[in-house]
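Trainee: Submitted below is the structure of interest, expressed as structure tokens.
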Amino acid sequence: MPTEHPAVYASEWTADGLCLWTLVNRSNQTIQGPLRKAATQRARCYDLIAGREIEPSLSEGQAVLSGKITPRGIGCFVAVRADLKPDAK
């Protein structure tokens with residue numbers, strides 16, 4: 001799966017209004033900034049490693065997920081459809 005940095009590799013899983021990306025930094029340097037472009041219009045995005053909601057920038061009609069991955073480290077983002085509501089139990 002393409003990323004915005006040649007040393008970062010990504011995988012993607014989608015189901016039921018969710019999209020999850022895992023990333024790995026295969027280099028010995030910290031990678032910071034744009035990491036992955038994704039079609040996540042009308043979605044709330046979260047950086048699961050940093051533990052916070054993020055506001056992706058836009059480029060060529062796609063959301064740009066940005067963050068920081070330490071050397072040989074991992075990253076993880078999730079996009080949740082804005083209209084998706086958790087089950088009330």
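If you're wondering about the labels, chains in the structure tokens are A, B, ... by order shown, residues count from 1 in each chain, ligands from 1 in order shown.
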Which residues come within 10 Å of Ser66 in chain A, counting only C-alpha atoms, excluding same-chain residues fewer than 5 positions away, as a count of residues only?
Mentor: 14
Trainee: Within 8 Å of Leu20 in chain A, counting only C-alpha atoms, which residues qualify if same-chain residues fewer than 3 places away don't, as a list in words?
Mentor: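 Residues near the query, excluding close chain neighbours: Glu12, Trp13, Thr14, Cys76, Phe77, Val78 and Ala79 of chain A.
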Trainee: Can you write out the residues you just picked, keeping N, CA, C and O atoms, as a compact mmCIF listing (two decimals), in the first residue's frame?
Mentor:
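See part_21.txt below for the written result:
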# COMPACT_ATOMS: atom_id res chain seq x y z
N GLU A 12 -3.98 -1.93 5.14
CA GLU A 12 -5.30 -1.33 5.33
C GLU A 12 -6.35 -2.41 5.52
O GLU A 12 -6.34 -3.42 4.83
N TRP A 13 -7.26 -2.16 6.48
CA TRP A 13 -8.41 -3.04 6.71
C TRP A 13 -9.64 -2.17 6.76
O TRP A 13 -9.65 -1.12 7.39
N THR A 14 -10.73 -2.61 6.11
CA THR A 14 -11.98 -1.87 6.13
C THR A 14 -13.14 -2.80 6.42
O THR A 14 -13.15 -3.96 5.98
N CYS A 76 -0.51 3.83 13.66
CA CYS A 76 -1.83 3.25 13.44
C CYS A 76 -2.86 4.37 13.43
O CYS A 76 -2.91 5.19 14.34
N PHE A 77 -3.66 4.39 12.37
CA PHE A 77 -4.74 5.36 12.22
C PHE A 77 -6.04 4.63 11.98
O PHE A 77 -6.06 3.55 11.39
N VAL A 78 -7.14 5.25 12.41
CA VAL A 78 -8.46 4.72 12.10
C VAL A 78 -9.34 5.88 11.63
O VAL A 78 -9.22 7.00 12.14
N ALA A 79 -10.16 5.60 10.64
CA ALA A 79 -11.16 6.56 10.17
C ALA A 79 -12.53 5.94 10.42
O ALA A 79 -12.77 4.78 10.08
Trainee: Need to verify the contact set: Thr22 in chain A, 6 Å, only C-alpha atoms, exclusion of same-chain residues closer than 5 positions in sequence. Can you return it as a PyMOL selection string?
Mentor: chain A and resi 10-11+75-76
Trainee: I need the residues of range 20-50 of chain A that end up classed as strand (DSSP E) by DSSP on the backbone, written out as a CSV table (one decimal) with N, CA, C and O atoms, in the first residue's frame.
Mentor:
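To be explicit, this is the file written out as result36.csv:
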chain,number,residue,atom,x,y,z
A,20,LEU,N,-8.9,1.0,9.0
A,20,LEU,CA,-7.8,1.0,9.9
A,20,LEU,C,-6.5,0.8,9.1
A,20,LEU,O,-6.5,0.0,8.2
A,21,TRP,N,-5.5,1.7,9.4
A,21,TRP,CA,-4.2,1.6,8.7
A,21,TRP,C,-3.1,1.3,9.7
A,21,TRP,O,-3.1,2.0,10.7
A,22,THR,N,-2.3,0.3,9.5
A,22,THR,CA,-1.1,0.1,10.3
A,22,THR,C,0.1,0.5,9.4
A,22,THR,O,0.1,0.2,8.2
A,23,LEU,N,1.1,1.1,10.1
A,23,LEU,CA,2.2,1.6,9.4
A,23,LEU,C,3.5,1.1,10.1
A,23,LEU,O,3.5,1.0,11.4
A,24,VAL,N,4.6,0.9,9.4
A,24,VAL,CA,5.8,0.6,10.0
A,24,VAL,C,6.9,1.4,9.4
A,24,VAL,O,7.0,1.5,8.2
A,25,ASN,N,7.8,1.9,10.2
A,25,ASN,CA,8.9,2.7,9.7
A,25,ASN,C,10.1,1.7,9.7
A,25,ASN,O,10.6,1.3,10.7
A,31,ILE,N,10.4,9.4,11.3
A,31,ILE,CA,9.6,10.0,10.2
A,31,ILE,C,8.5,10.8,10.8
A,31,ILE,O,7.7,10.3,11.6
A,32,GLN,N,8.4,12.1,10.4
A,32,GLN,CA,7.4,12.9,10.9
A,32,GLN,C,6.8,13.7,9.8
A,32,GLN,O,7.5,14.2,8.9
A,33,GLY,N,5.5,13.9,9.8
A,33,GLY,CA,4.8,14.6,8.7
A,33,GLY,C,3.8,13.8,8.0
A,33,GLY,O,3.3,12.8,8.6
A,34,PRO,N,3.5,14.1,6.7
A,34,PRO,CA,2.5,13.3,6.0
A,34,PRO,C,3.0,11.8,5.9
A,34,PRO,O,4.1,11.6,5.5
A,35,LEU,N,2.1,10.9,6.2
A,35,LEU,CA,2.4,9.5,6.1
A,35,LEU,C,1.6,8.7,5.1
A,35,LEU,O,2.1,7.8,4.5
A,36,ARG,N,0.3,9.1,4.9
A,36,ARG,CA,-0.5,8.3,4.0
A,36,ARG,C,-1.7,9.2,3.5
A,36,ARG,O,-2.3,9.9,4.3
A,37,LYS,N,-2.0,9.0,2.2
A,37,LYS,CA,-3.2,9.6,1.7
A,37,LYS,C,-4.3,8.6,1.7
A,37,LYS,O,-4.0,7.4,1.5
A,38,ALA,N,-5.5,9.1,2.0
A,38,ALA,CA,-6.6,8.1,2.1
A,38,ALA,C,-7.9,8.8,1.7
A,38,ALA,O,-8.1,10.0,1.9
A,43,ALA,N,-15.3,11.6,7.5
A,43,ALA,CA,-14.9,10.7,8.5
A,43,ALA,C,-14.2,11.4,9.7
A,43,ALA,O,-13.6,12.4,9.4
A,44,ARG,N,-14.3,10.8,10.8
A,44,ARG,CA,-13.4,11.3,12.0
A,44,ARG,C,-12.2,10.4,12.0
A,44,ARG,O,-12.3,9.2,11.9
A,45,CYS,N,-11.0,11.0,12.1
A,45,CYS,CA,-9.8,10.2,12.1
A,45,CYS,C,-9.1,10.3,13.4
A,45,CYS,O,-9.1,11.4,14.1
A,46,TYR,N,-8.4,9.2,13.8
A,46,TYR,CA,-7.7,9.1,15.0
A,46,TYR,C,-6.3,8.5,14.8
A,46,TYR,O,-6.2,7.6,14.0
A,47,ASP,N,-5.3,9.1,15.5
A,47,ASP,CA,-4.0,8.5,15.6
A,47,ASP,C,-4.0,7.6,16.8
A,47,ASP,O,-4.1,8.1,18.0
Trainee: Rounded to one decimal place, report the CA of Pro71 in chain A-CA of Ala50 in chain A distance in Å.
Mentor: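 That distance, rounded to one decimal, is 15.6 Å.
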Trainee: Between CA of Thr70 in chain A and CA of Ala15 in chain A, what distance in Å does the model show, to one decimal?
Mentor: 28.3 Å
Trainee: Taking only C-alpha atoms into account, which of A:Arg42, A:Arg81, A:Arg52, A:His5 comes nearest Arg26 in chain A?
Mentor: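 Under the stated criterion, the closest residue is A:His5.
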Trainee: Write out as a PyMOL selection string the residues lying within 8 Å of Ser27 in chain A, counting only C-alpha atoms and excluding same-chain residues fewer than 2 positions away.
Mentor: chain A and resi 7-8+25+29-30+71-72
Trainee: At a cut-off of 6 Å, using only C-alpha atoms, what residues contact Gln62 in chain A? Leave out same-chain residues fewer than 3 positions from it and give the result as a list in words.
Mentor: Ala38, Ala39, Leu58 and Ser59 of chain A
Trainee: Store the residues picked out above in a file with C-alpha atoms, as an mmCIF file, in the first residue's frame.
Mentor:
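Printed below is result.cif as written:
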data_model
loop_
_atom_site.group_PDB
_atom_site.id
_atom_site.type_symbol
_atom_site.label_atom_id
_atom_site.label_comp_id
_atom_site.auth_asym_id
_atom_site.auth_seq_id
_atom_site.Cartn_x
_atom_site.Cartn_y
_atom_site.Cartn_z
ATOM 1 C CA ALA A 38 -6.629 8.136 2.088
ATOM 2 C CA ALA A 39 -10.190 8.575 0.875
ATOM 3 C CA LEU A 58 -6.477 17.671 2.042
ATOM 4 C CA SER A 59 -4.451 17.038 -1.107
#
Trainee: Could you tell me how far CA of Pro6 in chain A lies from CA of Asn28 in chain A, in Å and to one decimal?
Mentor: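 Computed distance, CA of Pro6 in chain A to CA of Asn28 in chain A, equals 12.8 Å.
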